[in-house]
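What follows is a set of notes on a single structure, which appears directly below.
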Amino acid sequence: MADRLSGLPDDVLLSILKRVDLRDAVRTAILAKRWRHLPAALPDIVLDVLSFRKKQDDDHQDGFTFTSRLSREARANLAVAHAAKAILARRSGEHAIDRLLVRFYLRAESIGIVRSIDDAIASGRARFREAAFDVRGEKRALECTGRDTLANGRRLASLVGGCPHAFAGLTRLRVESVTLRGSNDVANVLAACENLEILSLHSCDASAGSNVAALEMEHPRLVRLDVDACDFETVDLKWLPRLVQVSNNIWFPSRTLPPLVFGHVPQLRTVILSTVGTVNYRTLKLSELLVNTTGTRTLQMIFESEKIWFQPESPKHLAPLLRNLRIACLDKIHKECDLIWTMFVLEAAPLLKELRISVTEHSCGSLAAADVMRKLLYCKKNNIEWHIDSDFKHYNLLLVTVVGFEIKDKFVKLIKRLAHAAVNLEDIHLEDEVKCENCQYYPTTWYPSTDKEREL
């Protein structure tokens, strides 16, 4: 069978290798000279430390064991480094690689991974249409100490400084569990990644005494920015002429600064804000938060079934900012809250076409931890009073979706008011609360669950 396979043309063999894990594809080069050049000719190269680590765990379960003083993370990193060197050393540079994705741990071995890519680019052996790094600490974010994230930050800075070609070719970069030791760290990373289009920061922070209270972002090509659970006082979108989407998830509260500051962002179309409002969170005013975002088409605000952390305002203040809004999503509103206030967005956004509202009592995390946090930090869930004129009409709203709908007065009242106000409304979708993908939470009530509800 091996001889028959080896007799097939290269394009057929490459089609076969595309369907197996890259680790196995690299191993084929060892089996026969006929296959040796094929892994280097693959159009997509995915070097995932998590995949290599899983393979090691599977081998261990199957009885293939060996004694090593290295941790699983170190062995997986070394395996990625060896695979990168083996594949890229044989590239000719004649054809560009469609997609490169490299995920690795910030350990000593990571320099071998990035240097192989850097050398291949510098020598002309490799060109990438899309290139992405997913850089993370060897510990999970919640397990990292300040010393861990500082070490990760130093190692990232060393990689950026030592492998300029690799970072210059990146179009996507995800960084997790890294401490930025000053504004120069941020500027150096952004300057090195000159072709970067998507940047994701997860569980990153500023070192004590540094001047990164505000994460200042300046980049000529960045299209999307995701900031998740990062400890910066604010994220200042200072000069991002091509930015289309920004999200800030679980920000740390500031007494004076908003979670986002919008500078020069003329192409911005989507804004996503999500956090758990605690006693430390001051109530935000959208009219102050959304300054310089008049081109926004989609606005999503997620409340994680806790405090509503902003105050609805009159059209006088919000209409100039939301005049181009087409889609509004107000998600994970706690079940104790009234819903009529959500209509403020209709008053402020005359061109709105879709409104989504979701209601839940669920927030992720272990029950014990959630109870402790609620007692220490969470404040009483607030209700928002809002008056809307009975004669108010909206002429562009076409679709309303309510997730977590129940046969209760506040839901029925909201639907009636929306149906009355939206003159050209086409569809109203009433949906059940969805399962949580993070913790597999299932709603306790389902709609529609009875024959009468289904008939309605």
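Just so we're on the same page: first chain in the structure tokens is A, next is B, and so on; residues restart at 1 for each chain, and ligands are numbered from 1 in the order they show up.
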
Near-Ala328 (chain A) list (12 Å; only C-alpha atoms; drop same-chain fewer than 4 positions) as number ranges by chain: A: 270-273, 296-302, 322, 324, 342-346, 348-358, 397, 399-401

Write the residues of the selection above to a file with N, CA and C atoms, as a CSV table (one decimal), in the first residue's frame.
```csv
chain,number,residue,atom,x,y,z
A,270,THR,N,-18.5,48.8,14.6
A,270,THR,CA,-19.0,47.9,15.6
A,270,THR,C,-18.3,48.1,16.9
A,271,VAL,N,-19.2,48.3,18.0
A,271,VAL,CA,-18.7,48.5,19.3
A,271,VAL,C,-19.3,47.5,20.2
A,272,ILE,N,-18.5,46.7,21.0
A,272,ILE,CA,-19.0,45.7,21.9
A,272,ILE,C,-18.5,45.9,23.3
A,273,LEU,N,-19.4,46.1,24.2
A,273,LEU,CA,-19.0,46.3,25.6
A,273,LEU,C,-19.6,45.3,26.5
A,296,THR,N,-21.0,54.5,13.9
A,296,THR,CA,-21.2,53.1,14.4
A,296,THR,C,-22.5,52.6,13.8
A,297,ARG,N,-22.5,51.3,13.3
A,297,ARG,CA,-23.6,50.6,12.8
A,297,ARG,C,-24.2,49.6,13.7
A,298,THR,N,-23.3,49.0,14.5
A,298,THR,CA,-23.7,47.9,15.4
A,298,THR,C,-23.2,48.2,16.8
A,299,LEU,N,-24.1,48.2,17.8
A,299,LEU,CA,-23.7,48.4,19.2
A,299,LEU,C,-24.3,47.3,20.1
A,300,GLN,N,-23.4,46.6,20.8
A,300,GLN,CA,-23.8,45.5,21.7
A,300,GLN,C,-23.3,45.8,23.1
A,301,MET,N,-24.2,45.7,24.0
A,301,MET,CA,-23.8,45.9,25.4
A,301,MET,C,-24.3,44.7,26.2
A,302,ILE,N,-23.4,44.1,27.0
A,302,ILE,CA,-23.7,42.8,27.7
A,302,ILE,C,-23.6,43.1,29.2
A,322,LEU,N,-25.9,58.2,17.7
A,322,LEU,CA,-26.5,57.0,17.2
A,322,LEU,C,-27.3,57.2,15.9
A,324,ASN,N,-26.6,56.8,12.9
A,324,ASN,CA,-26.3,55.8,11.9
A,324,ASN,C,-26.4,54.4,12.3
A,342,THR,N,-35.4,49.7,27.5
A,342,THR,CA,-34.6,49.4,26.3
A,342,THR,C,-35.1,50.1,25.0
A,343,MET,N,-36.3,50.7,25.1
A,343,MET,CA,-36.8,51.4,23.9
A,343,MET,C,-36.1,52.8,23.7
A,344,PHE,N,-35.2,53.2,24.7
A,344,PHE,CA,-34.5,54.4,24.5
A,344,PHE,C,-33.7,54.4,23.3
A,345,VAL,N,-33.2,53.2,22.9
A,345,VAL,CA,-32.4,53.2,21.7
A,345,VAL,C,-33.2,53.5,20.4
A,346,LEU,N,-34.5,53.2,20.4
A,346,LEU,CA,-35.3,53.5,19.3
A,346,LEU,C,-35.5,55.0,19.1
A,348,ALA,N,-33.3,57.2,20.0
A,348,ALA,CA,-32.1,57.9,19.7
A,348,ALA,C,-31.5,57.5,18.3
A,349,ALA,N,-32.0,56.3,17.8
A,349,ALA,CA,-31.5,55.8,16.6
A,349,ALA,C,-32.6,55.7,15.5
A,350,PRO,N,-32.9,56.7,14.8
A,350,PRO,CA,-34.0,56.7,13.8
A,350,PRO,C,-33.8,55.7,12.7
A,351,LEU,N,-32.6,55.2,12.4
A,351,LEU,CA,-32.3,54.3,11.3
A,351,LEU,C,-32.2,52.9,11.7
A,352,LEU,N,-32.5,52.6,13.0
A,352,LEU,CA,-32.3,51.3,13.5
A,352,LEU,C,-33.2,50.3,12.8
A,353,LYS,N,-32.6,49.1,12.4
A,353,LYS,CA,-33.4,48.1,11.7
A,353,LYS,C,-33.6,46.8,12.6
A,354,GLU,N,-32.7,46.5,13.5
A,354,GLU,CA,-32.8,45.3,14.3
A,354,GLU,C,-32.5,45.7,15.8
A,355,LEU,N,-33.4,45.1,16.6
A,355,LEU,CA,-33.2,45.3,18.1
A,355,LEU,C,-33.2,43.9,18.7
A,356,ARG,N,-32.2,43.6,19.4
A,356,ARG,CA,-32.1,42.3,20.1
A,356,ARG,C,-32.0,42.5,21.6
A,357,ILE,N,-32.9,41.8,22.4
A,357,ILE,CA,-32.8,41.9,23.9
A,357,ILE,C,-32.8,40.5,24.4
A,358,SER,N,-31.8,40.2,25.3
A,358,SER,CA,-31.8,38.9,26.0
A,358,SER,C,-31.8,39.1,27.5
A,397,LEU,N,-37.5,50.3,12.0
A,397,LEU,CA,-37.3,49.0,12.7
A,397,LEU,C,-38.0,47.9,12.0
A,399,LEU,N,-37.0,44.2,12.7
A,399,LEU,CA,-36.9,42.9,13.4
A,399,LEU,C,-36.6,43.2,14.9
A,400,VAL,N,-37.4,42.5,15.7
A,400,VAL,CA,-37.2,42.5,17.2
A,400,VAL,C,-37.0,41.1,17.6
A,401,THR,N,-35.9,40.8,18.4
A,401,THR,CA,-35.7,39.5,18.9
A,401,THR,C,-35.6,39.6,20.4
```

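We find CA of Asn77 (chain A) and CA of Arg181 (chain A) to be spaced 25.1 Å apart.
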
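The interatomic distance for the pair CA of Val423 (chain A) and CA of Asp391 (chain A) works out to 11.4 Å.
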
Expected answer as a PyMOL selection string: strand (DSSP E or B) residues in region 205-410 of chain A: chain A and resi 205-206+214-218+224-228+231+234-239+245-249+260-264+270-274+278+284-285+298-302+310-311+327-334+354-360+378+394+399-403

Nearby residues (only C-alpha atoms) at most 9 Å from Ser110 (chain A), same-chain spacing under 4 positions excluded, as a PyMOL selection string: chain A and resi 77-78+80-81+104-106+114-115+155+159

Those same residues - N, CA, C and O atoms - I'd like them written as a tab-separated table (two decimals), in the first residue's frame.
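What ended up in result-v9.tsv:
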```
chain	number	residue	atom	x	y	z
A	77	ASN	N	6.21	22.69	23.36
A	77	ASN	CA	6.88	23.81	22.71
A	77	ASN	C	8.03	23.34	21.83
A	77	ASN	O	8.22	23.81	20.70
A	78	LEU	N	8.84	22.40	22.34
A	78	LEU	CA	9.95	21.87	21.56
A	78	LEU	C	9.46	21.14	20.31
A	78	LEU	O	10.07	21.25	19.24
A	80	VAL	N	6.76	21.84	18.62
A	80	VAL	CA	6.37	22.89	17.66
A	80	VAL	C	7.62	23.49	17.01
A	80	VAL	O	7.64	23.73	15.79
A	81	ALA	N	8.65	23.72	17.81
A	81	ALA	CA	9.89	24.29	17.27
A	81	ALA	C	10.52	23.35	16.24
A	81	ALA	O	10.96	23.80	15.17
A	104	PHE	N	1.88	29.05	20.73
A	104	PHE	CA	2.96	28.52	21.56
A	104	PHE	C	2.95	29.18	22.94
A	104	PHE	O	2.32	30.23	23.15
A	105	TYR	N	3.65	28.53	23.87
A	105	TYR	CA	3.79	29.06	25.23
A	105	TYR	C	5.00	29.99	25.29
A	105	TYR	O	6.03	29.75	24.63
A	106	LEU	N	4.90	31.03	26.10
A	106	LEU	CA	6.02	31.94	26.31
A	106	LEU	C	7.01	31.30	27.29
A	106	LEU	O	6.99	31.56	28.49
A	114	VAL	N	9.90	30.98	16.84
A	114	VAL	CA	9.80	32.26	16.12
A	114	VAL	C	11.01	32.49	15.23
A	114	VAL	O	10.90	33.03	14.13
A	115	ARG	N	12.19	32.02	15.67
A	115	ARG	CA	13.40	32.22	14.86
A	115	ARG	C	13.34	31.43	13.55
A	115	ARG	O	13.81	31.90	12.51
A	155	ARG	N	9.74	38.04	27.99
A	155	ARG	CA	10.02	37.10	26.90
A	155	ARG	C	9.39	37.58	25.59
A	155	ARG	O	9.99	37.44	24.53
A	159	LEU	N	11.31	38.42	22.06
A	159	LEU	CA	10.95	37.84	20.76
A	159	LEU	C	10.72	38.93	19.72
A	159	LEU	O	11.16	38.82	18.57
```

DSSP alpha helix (DSSP H) selection over region 47-171 of chain A, as a PyMOL selection string: chain A and resi 49-61+72-88+110-122+146-162+164-168

Which residue of A:Arg129, A:His82, A:Arg282, A:Arg242 approaches Pro259 (chain A) most closely, using only C-alpha atoms: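 Closest candidate: A:Arg282.
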